[in-house]
Amino acid sequence: MNRKTICLLALVAALSSCYEDKGNYDYNFSGMNSIDTLVFSPAAVEMLSGPTIEFTQALTAADTHKRIEVQVGQSLQNNLEQLDFRWIKIYQKDKQTIRDTLTTKGYLDIELPVGAPASFSIRLQVYDRTTGLSRYENFTVATRPIFKNSLFFLHGKAGSVRLGNIETVGAQTNVRGDAYRLVHPEEANPFTDAYRLMFQYGLVAEGRDFVKTHNFIAFINNGTAKTYDPFGLKPRFTSYKDFVVPFSAQGAFIPDKMGMVGDPSNQSDFYYLLAKDGRFITARTIPAFKFPATEGSVGGYQVTAAAITAAEFVMWDARNNRFLHVNKDDGYGIWMERQAYEAQLNNPVLDAHVDFSGLKNGLSPVGKKALYGFIQYRENYEKATPYFIFCDAAEQNYYLYQLTSTASSDGKDDGGSSDAPAYTIKGQRLEGFSPSLKSTILYNTWFSTNYVFYADGADVVRYNVNNGDKTVLYSAPDGYTISCLKFRSDDIFIYSADLGRYLTIGMNKGANGAIAEIKLNTASDVDESFAATFHDTDSDGQKLGPILDVQFVREYSYQLPPQH
């Protein structure tokens, strides 16, 4: 046996002895500190882009300094002495990616620009010197314009009405009794005689580009309208006179009812305003409302309810007990604001010649009051039919009328001048229908079942018009009476997420008001996973005045609410 063979055998024997070693080893980590959690203040919320800490854009130089603090949860330690912090701030400047490193212990100070957007990424490393181990966290810091995705409300008595706002940023909710004063502290209150609110958004052409526009409109009881970009309440349409509500020689046009259908992403959104005196105006895509053409139109009407179908506006003329209609395909300017402002409509308002003789006794709408019009169009907008809710003269009984177009399937008719009925009609009594405030009646296309919602004293009621079933969705606290209802959204825009399932409820008790909000699921039942909100004071503890109206304003491309 040579020397190489002997060495090889010895090596194999040594390896075998190591493999056979079955010693019992006990590794104990209980004495090592671990970093278990990192909790930020303000809280980071989960967005589509990942964890984000949002700050409202600074209004003044005094608002630019912000601090982010982090609480470190540890298994053995309660202080930060043995921890090192390394914050890496990543942002763009002059088309270059900049990385700044700071080592402040437990906090990060940042400076925001005044009235401008800002966004940057943060990578935090927390290093434990006693263990040599680190924990990492990545998140985004971003600013948002003030009042983004928030709820405005009018509260107070005529002559002293204020514009309030409820805004949630991260985990904090701010209730402001005077939102206008917050952003314009030196200016007089322009909302002292406001009574209704409206929001409209979309795309308009500026040069070769399309830009997103957001129009928050307040209607004043003298017939004027004030329009603002809601995110900062900057005046809009200042270069035009009477942009929203046009001048009329017949006197001030004071809106009483409003409605819309369509999708703002493809310029198919249409709107109407009905005046208290029975006149009406309409708009498409841009809120430059127009009176209808006079040539060829019927006259002497008093419109009290309207609906918008895929083809036309349909209305009830209370003075002459008839339905009217006017084709939607008209000369609205839909690309530029100047074009919309200068447009004139050409289609005449016509008698629909609906024949009521086939209705059963007592069901004719003649002599009854039209309260509300809508179409159920979630499933098939092109074939949706208009519905109208009426009450009798004593306001004790309520009725639903469904109109069905007599036009051919390709949408063609006989030229619009015939005396032939444009619609057939069906009618039914709404058993148990009991709105205490008729202005609260509303429909929302987000739910496939034909539900109508209304206030009955302190209750929010969901009513199934198909079978008369009623469900109380919300009851106000003792002493309150509901004054207004409005869903956050009633359009079918692809970027509206779940906004149409949030119902905002205004209510009053004597000289005080309150606002609640509930969320419904897709079946229109109360979503128990959402904690209903209720606010009767602002963030300074001041009581809210009587609630006149509410209006949610949202960004064009709305994202699902962040999860805390």
# chains A, B, ... in the order shown; residues from 1 in each chain; ligands from 1
call {"tool": "residues_around", "arguments": {"residues": "Pro477 (chain A)", "least_positions_apart": "3", "cutoff": "9 Å", "atoms": "only C-alpha atoms", "output": "CSV table (one decimal) with all heavy atoms, in the first residue's frame"}}
result
chain,number,residue,atom,x,y,z
A,458,ALA,N,-86.8,61.0,9.6
A,458,ALA,CA,-85.4,60.8,10.0
A,458,ALA,C,-84.8,59.6,9.3
A,458,ALA,O,-83.7,59.2,9.6
A,458,ALA,CB,-85.3,60.6,11.5
A,480,TYR,N,-83.3,64.8,14.7
A,480,TYR,CA,-82.9,65.2,13.4
A,480,TYR,C,-83.9,64.8,12.3
A,480,TYR,O,-84.5,63.8,12.4
A,480,TYR,CB,-81.5,64.6,13.0
A,480,TYR,CG,-80.3,65.3,13.6
A,480,TYR,CD1,-79.7,64.8,14.8
A,480,TYR,CD2,-79.8,66.5,13.0
A,480,TYR,CE1,-78.6,65.4,15.3
A,480,TYR,CE2,-78.7,67.1,13.6
A,480,TYR,CZ,-78.1,66.6,14.7
A,480,TYR,OH,-77.0,67.2,15.3
A,481,THR,N,-84.0,65.7,11.3
A,481,THR,CA,-84.8,65.4,10.1
A,481,THR,C,-83.9,65.6,8.9
A,481,THR,O,-83.2,66.6,8.8
A,481,THR,CB,-86.0,66.4,10.0
A,481,THR,OG1,-86.9,66.3,11.2
A,481,THR,CG2,-86.8,66.2,8.8
call {"tool": "closest_atom_pairs", "arguments": {"of": "region 234-338 of chain A", "to": "region 417-439 of chain A", "cutoff": "10 Å", "atoms": "only C-alpha atoms", "output": "tab-separated table"}}
result
residue	atom	partner	partner_atom	distance
A:Asp256	CA	A:Ser439	CA	9.2
A:Lys257	CA	A:Ser439	CA	8.3
A:Gly296	CA	A:Ser417	CA	9.3
A:Phe323	CA	A:Tyr423	CA	9.2
A:Leu324	CA	A:Ala422	CA	9.4
A:His325	CA	A:Ala422	CA	8.5
call {"tool": "residues_around", "arguments": {"residues": "Gly164 (chain A)", "least_positions_apart": "5", "cutoff": "8 Å", "atoms": "only C-alpha atoms", "output": "PyMOL selection string"}}
result
chain A and resi 152-155+175-180
call {"tool": "select_by_dssp", "arguments": {"residues": "region 34-263 of chain A", "states": "strand (DSSP E)", "output": "ChimeraX atom specification"}}
result
/A:35-41,45-47,50-56,65-74,83-93,96-102,107-111,119-128,133-144,150-155,162-169,172-176,194-206,209-220,225-229,234-235,255-261
call {"tool": "closest_residue", "arguments": {"among": "A:Ser496, A:Asp84, A:His214, A:Asp525", "to": "Ser557 (chain A)", "atoms": "only C-alpha atoms"}}
result
A:Ser496
call {"tool": "atom_distance", "arguments": {"atom1": "CA of Gly358 (chain A)", "atom2": "CA of Gln402 (chain A)"}}
result
13.2 Å
call {"tool": "residues_around", "arguments": {"residues": "Met315 (chain A)", "least_positions_apart": "6", "cutoff": "12 Å", "atoms": "only C-alpha atoms", "output": "count of residues only"}}
result
39
call {"tool": "atom_distance", "arguments": {"atom1": "CA of Glu312 (chain A)", "atom2": "CA of Lys328 (chain A)"}}
result
4.6 Å
call {"tool": "closest_residue", "arguments": {"among": "A:Asp36, A:Glu69, A:Glu111, A:Asp128", "to": "Gln82 (chain A)", "atoms": "only C-alpha atoms"}}
result
A:Asp128
call {"tool": "closest_residue", "arguments": {"among": "A:Lys157, A:Lys470, A:Lys276, A:Arg162", "to": "Ala188 (chain A)", "atoms": "only C-alpha atoms"}}
result
A:Arg162
call {"tool": "select_by_dssp", "arguments": {"residues": "region 293-500 of chain A", "states": "helix (DSSP H, G or I)", "output": "PyMOL selection string"}}
result
chain A and resi 337-342+381-383+438-440+494-496+499-500
call {"tool": "atom_distance", "arguments": {"atom1": "CA of Leu233 (chain A)", "atom2": "CA of Lys543 (chain A)"}}
result
23.2 Å
call {"tool": "closest_residue", "arguments": {"among": "A:Val553, A:Ile122, A:Cys391, A:Leu80", "to": "Arg99 (chain A)", "atoms": "only C-alpha atoms"}}
result
A:Ile122
call {"tool": "closest_residue", "arguments": {"among": "A:Ala476, A:Ala283, A:Val114, A:Leu363", "to": "Asp330 (chain A)", "atoms": "only C-alpha atoms"}}
result
A:Ala283
call {"tool": "residues_around", "arguments": {"residues": "Trp87 (chain A)", "least_positions_apart": "6", "cutoff": "9 Å", "atoms": "only C-alpha atoms", "output": "MDAnalysis selection string"}}
result
chainID A and resid 100:104 108 122:126
call {"tool": "write_last_selection", "arguments": {"atoms": "N, CA, C and O atoms", "output": "compact mmCIF listing (two decimals), in the first residue's frame"}}
result
# COMPACT_ATOMS: atom_id res chain seq x y z
N ASP A 100 -30.72 61.98 -1.68
CA ASP A 100 -30.22 62.63 -0.48
C ASP A 100 -30.30 61.66 0.68
O ASP A 100 -31.29 60.94 0.82
N THR A 101 -29.25 61.64 1.53
CA THR A 101 -29.23 60.74 2.68
C THR A 101 -29.23 61.55 3.96
O THR A 101 -28.43 62.47 4.12
N LEU A 102 -30.15 61.21 4.87
CA LEU A 102 -30.21 61.87 6.17
C LEU A 102 -30.19 60.79 7.25
O LEU A 102 -30.62 59.65 7.03
N THR A 103 -29.72 61.17 8.44
CA THR A 103 -29.56 60.18 9.52
C THR A 103 -30.26 60.61 10.80
O THR A 103 -29.86 60.22 11.89
N THR A 104 -31.30 61.41 10.67
CA THR A 104 -32.03 61.85 11.87
C THR A 104 -32.68 60.66 12.56
O THR A 104 -33.24 59.78 11.92
N LEU A 108 -38.05 62.42 10.11
CA LEU A 108 -37.54 63.01 8.87
C LEU A 108 -38.24 64.32 8.64
O LEU A 108 -39.48 64.38 8.57
N ILE A 122 -39.04 57.46 -0.48
CA ILE A 122 -38.21 57.34 0.73
C ILE A 122 -37.87 55.87 0.94
O ILE A 122 -38.75 55.01 0.87
N ARG A 123 -36.60 55.61 1.22
CA ARG A 123 -36.16 54.28 1.64
C ARG A 123 -35.53 54.44 3.02
O ARG A 123 -34.52 55.13 3.18
N LEU A 124 -36.13 53.82 4.00
CA LEU A 124 -35.66 53.92 5.38
C LEU A 124 -34.99 52.61 5.80
O LEU A 124 -35.56 51.53 5.64
N GLN A 125 -33.78 52.74 6.37
CA GLN A 125 -33.08 51.61 6.98
C GLN A 125 -32.93 51.90 8.47
O GLN A 125 -32.38 52.94 8.85
N VAL A 126 -33.42 51.00 9.31
CA VAL A 126 -33.21 51.08 10.74
C VAL A 126 -32.25 49.95 11.13
O VAL A 126 -32.59 48.76 11.00
call {"tool": "residues_around", "arguments": {"residues": "Pro264 (chain A)", "least_positions_apart": "5", "cutoff": "8 Å", "atoms": "only C-alpha atoms", "output": "PDB file with C-alpha atoms, in the first residue's frame"}}
result
ATOM      1  CA  TYR A 201     -65.655  67.238 -14.758  1.00  0.00           C
ATOM      2  CA  GLY A 202     -64.173  66.113 -18.065  1.00  0.00           C
ATOM      3  CA  LEU A 203     -61.618  66.805 -20.777  1.00  0.00           C
ATOM      4  CA  ASP A 269     -72.369  63.269 -20.647  1.00  0.00           C
ATOM      5  CA  THR A 285     -69.633  67.820 -21.663  1.00  0.00           C
ATOM      6  CA  PHE A 493     -67.413  56.764 -15.897  1.00  0.00           C
TER       7      PHE A 493
END
call {"tool": "closest_residue", "arguments": {"among": "A:Ile547, A:Ala205, A:Ala62, A:Met32", "to": "Leu112 (chain A)", "atoms": "only C-alpha atoms"}}
result
A:Ala62
call {"tool": "residues_around", "arguments": {"residues": "Thr282 (chain A)", "least_positions_apart": "5", "cutoff": "8 Å", "atoms": "only C-alpha atoms", "output": "PyMOL selection string"}}
result
chain A and resi 270-273+289-292
call {"tool": "write_last_selection", "arguments": {"atoms": "all heavy atoms", "output": "compact mmCIF listing (two decimals), in the first residue's frame"}}
result
# COMPACT_ATOMS: atom_id res chain seq x y z
N PHE A 270 -74.54 64.36 -20.57
CA PHE A 270 -75.53 65.40 -20.81
C PHE A 270 -76.13 65.84 -19.47
O PHE A 270 -76.24 65.03 -18.53
CB PHE A 270 -76.65 64.90 -21.72
CG PHE A 270 -76.24 64.73 -23.16
CD1 PHE A 270 -75.56 63.58 -23.57
CD2 PHE A 270 -76.52 65.71 -24.09
CE1 PHE A 270 -75.19 63.42 -24.90
CE2 PHE A 270 -76.15 65.56 -25.42
CZ PHE A 270 -75.48 64.41 -25.83
N TYR A 271 -76.57 67.09 -19.41
CA TYR A 271 -77.06 67.68 -18.16
C TYR A 271 -78.31 68.52 -18.45
O TYR A 271 -78.47 69.06 -19.55
CB TYR A 271 -75.99 68.59 -17.54
CG TYR A 271 -74.65 67.92 -17.36
CD1 TYR A 271 -73.75 67.83 -18.42
CD2 TYR A 271 -74.27 67.38 -16.13
CE1 TYR A 271 -72.53 67.21 -18.27
CE2 TYR A 271 -73.05 66.76 -15.97
CZ TYR A 271 -72.17 66.67 -17.05
OH TYR A 271 -70.96 66.05 -16.89
N TYR A 272 -79.15 68.64 -17.43
CA TYR A 272 -80.26 69.59 -17.52
C TYR A 272 -80.41 70.33 -16.20
O TYR A 272 -80.05 69.82 -15.14
CB TYR A 272 -81.58 68.90 -17.88
CG TYR A 272 -82.15 67.98 -16.82
CD1 TYR A 272 -82.82 68.49 -15.70
CD2 TYR A 272 -82.05 66.60 -16.93
CE1 TYR A 272 -83.34 67.66 -14.73
CE2 TYR A 272 -82.56 65.76 -15.96
CZ TYR A 272 -83.21 66.29 -14.86
OH TYR A 272 -83.72 65.47 -13.88
N LEU A 273 -80.93 71.53 -16.28
CA LEU A 273 -81.35 72.32 -15.13
C LEU A 273 -82.79 72.76 -15.36
O LEU A 273 -83.11 73.27 -16.44
CB LEU A 273 -80.46 73.55 -14.94
CG LEU A 273 -79.00 73.33 -14.57
CD1 LEU A 273 -78.26 74.68 -14.54
CD2 LEU A 273 -78.87 72.65 -13.23
N PHE A 289 -74.62 75.94 -20.18
CA PHE A 289 -76.01 75.55 -20.43
C PHE A 289 -76.66 76.48 -21.46
O PHE A 289 -76.31 77.66 -21.57
CB PHE A 289 -76.81 75.57 -19.13
CG PHE A 289 -76.51 74.39 -18.24
CD1 PHE A 289 -75.43 74.40 -17.38
CD2 PHE A 289 -77.31 73.26 -18.27
CE1 PHE A 289 -75.14 73.32 -16.56
CE2 PHE A 289 -77.04 72.16 -17.46
CZ PHE A 289 -75.95 72.19 -16.61
N LYS A 290 -77.61 75.91 -22.21
CA LYS A 290 -78.27 76.64 -23.28
C LYS A 290 -79.78 76.48 -23.18
O LYS A 290 -80.29 75.42 -22.81
CB LYS A 290 -77.81 76.11 -24.65
CG LYS A 290 -76.32 76.15 -24.88
CD LYS A 290 -75.78 77.56 -24.85
CE LYS A 290 -74.26 77.58 -24.98
NZ LYS A 290 -73.73 78.96 -24.81
N PHE A 291 -80.48 77.56 -23.54
CA PHE A 291 -81.92 77.46 -23.72
C PHE A 291 -82.20 76.74 -25.04
O PHE A 291 -81.40 76.82 -25.99
CB PHE A 291 -82.57 78.84 -23.74
CG PHE A 291 -82.64 79.49 -22.40
CD1 PHE A 291 -81.73 80.47 -22.02
CD2 PHE A 291 -83.63 79.12 -21.49
CE1 PHE A 291 -81.80 81.06 -20.77
CE2 PHE A 291 -83.71 79.71 -20.25
CZ PHE A 291 -82.79 80.69 -19.88
N PRO A 292 -83.31 76.04 -25.15
CA PRO A 292 -83.62 75.34 -26.40
C PRO A 292 -83.96 76.33 -27.51
O PRO A 292 -84.23 77.50 -27.27
CB PRO A 292 -84.83 74.48 -26.02
CG PRO A 292 -85.48 75.22 -24.90
CD PRO A 292 -84.36 75.85 -24.13
call {"tool": "decode", "arguments": {"residues": "region 121-172 of chain A", "atoms": "C-alpha atoms", "output": "PDB file, in the first residue's frame"}}
result
ATOM      1  CA  SER A 121     -39.625  58.236  -2.668  1.00  0.00           C
ATOM      2  CA  ILE A 122     -38.210  57.345   0.725  1.00  0.00           C
ATOM      3  CA  ARG A 123     -36.160  54.276   1.641  1.00  0.00           C
ATOM      4  CA  LEU A 124     -35.659  53.920   5.385  1.00  0.00           C
ATOM      5  CA  GLN A 125     -33.084  51.612   6.979  1.00  0.00           C
ATOM      6  CA  VAL A 126     -33.215  51.084  10.745  1.00  0.00           C
ATOM      7  CA  TYR A 127     -29.998  49.367  11.889  1.00  0.00           C
ATOM      8  CA  ASP A 128     -29.618  47.705  15.297  1.00  0.00           C
ATOM      9  CA  ARG A 129     -25.987  47.911  16.411  1.00  0.00           C
ATOM     10  CA  THR A 130     -26.466  45.209  19.078  1.00  0.00           C
ATOM     11  CA  THR A 131     -27.434  42.558  16.533  1.00  0.00           C
ATOM     12  CA  GLY A 132     -26.049  43.873  13.280  1.00  0.00           C
ATOM     13  CA  LEU A 133     -29.499  43.425  11.719  1.00  0.00           C
ATOM     14  CA  SER A 134     -31.601  45.999   9.811  1.00  0.00           C
ATOM     15  CA  ARG A 135     -35.234  46.558   8.921  1.00  0.00           C
ATOM     16  CA  TYR A 136     -36.201  48.384   5.736  1.00  0.00           C
ATOM     17  CA  GLU A 137     -39.287  50.302   4.652  1.00  0.00           C
ATOM     18  CA  ASN A 138     -40.080  51.927   1.311  1.00  0.00           C
ATOM     19  CA  PHE A 139     -42.845  54.496   0.829  1.00  0.00           C
ATOM     20  CA  THR A 140     -43.793  57.573  -1.147  1.00  0.00           C
ATOM     21  CA  VAL A 141     -44.331  61.097   0.141  1.00  0.00           C
ATOM     22  CA  ALA A 142     -46.723  63.122  -2.021  1.00  0.00           C
ATOM     23  CA  THR A 143     -48.696  66.329  -1.818  1.00  0.00           C
ATOM     24  CA  ARG A 144     -52.326  66.627  -2.827  1.00  0.00           C
ATOM     25  CA  PRO A 145     -54.278  69.759  -3.686  1.00  0.00           C
ATOM     26  CA  ILE A 146     -56.493  70.923  -0.881  1.00  0.00           C
ATOM     27  CA  PHE A 147     -60.076  69.577  -1.024  1.00  0.00           C
ATOM     28  CA  LYS A 148     -59.140  66.745  -3.416  1.00  0.00           C
ATOM     29  CA  ASN A 149     -61.721  63.927  -3.217  1.00  0.00           C
ATOM     30  CA  SER A 150     -63.672  65.681  -0.484  1.00  0.00           C
ATOM     31  CA  LEU A 151     -67.211  66.667   0.412  1.00  0.00           C
ATOM     32  CA  PHE A 152     -68.443  70.259   0.261  1.00  0.00           C
ATOM     33  CA  PHE A 153     -71.621  71.366   1.970  1.00  0.00           C
ATOM     34  CA  LEU A 154     -73.684  74.540   2.330  1.00  0.00           C
ATOM     35  CA  HIS A 155     -74.834  75.314   5.849  1.00  0.00           C
ATOM     36  CA  GLY A 156     -76.478  78.213   7.643  1.00  0.00           C
ATOM     37  CA  LYS A 157     -79.421  80.502   7.003  1.00  0.00           C
ATOM     38  CA  ALA A 158     -80.028  82.570   3.877  1.00  0.00           C
ATOM     39  CA  GLY A 159     -77.845  85.660   3.959  1.00  0.00           C
ATOM     40  CA  SER A 160     -75.208  83.969   6.131  1.00  0.00           C
ATOM     41  CA  VAL A 161     -74.631  80.652   4.348  1.00  0.00           C
ATOM     42  CA  ARG A 162     -71.095  79.268   4.456  1.00  0.00           C
ATOM     43  CA  LEU A 163     -69.326  76.637   2.385  1.00  0.00           C
ATOM     44  CA  GLY A 164     -68.048  73.812   4.566  1.00  0.00           C
ATOM     45  CA  ASN A 165     -65.843  70.866   3.685  1.00  0.00           C
ATOM     46  CA  ILE A 166     -65.028  67.391   4.976  1.00  0.00           C
ATOM     47  CA  GLU A 167     -61.655  66.094   3.786  1.00  0.00           C
ATOM     48  CA  THR A 168     -59.740  62.977   4.788  1.00  0.00           C
ATOM     49  CA  VAL A 169     -55.981  63.014   4.264  1.00  0.00           C
ATOM     50  CA  GLY A 170     -54.311  59.793   5.288  1.00  0.00           C
ATOM     51  CA  ALA A 171     -55.801  58.796   8.616  1.00  0.00           C
ATOM     52  CA  GLN A 172     -56.943  62.322   9.550  1.00  0.00           C
TER      53      GLN A 172
END
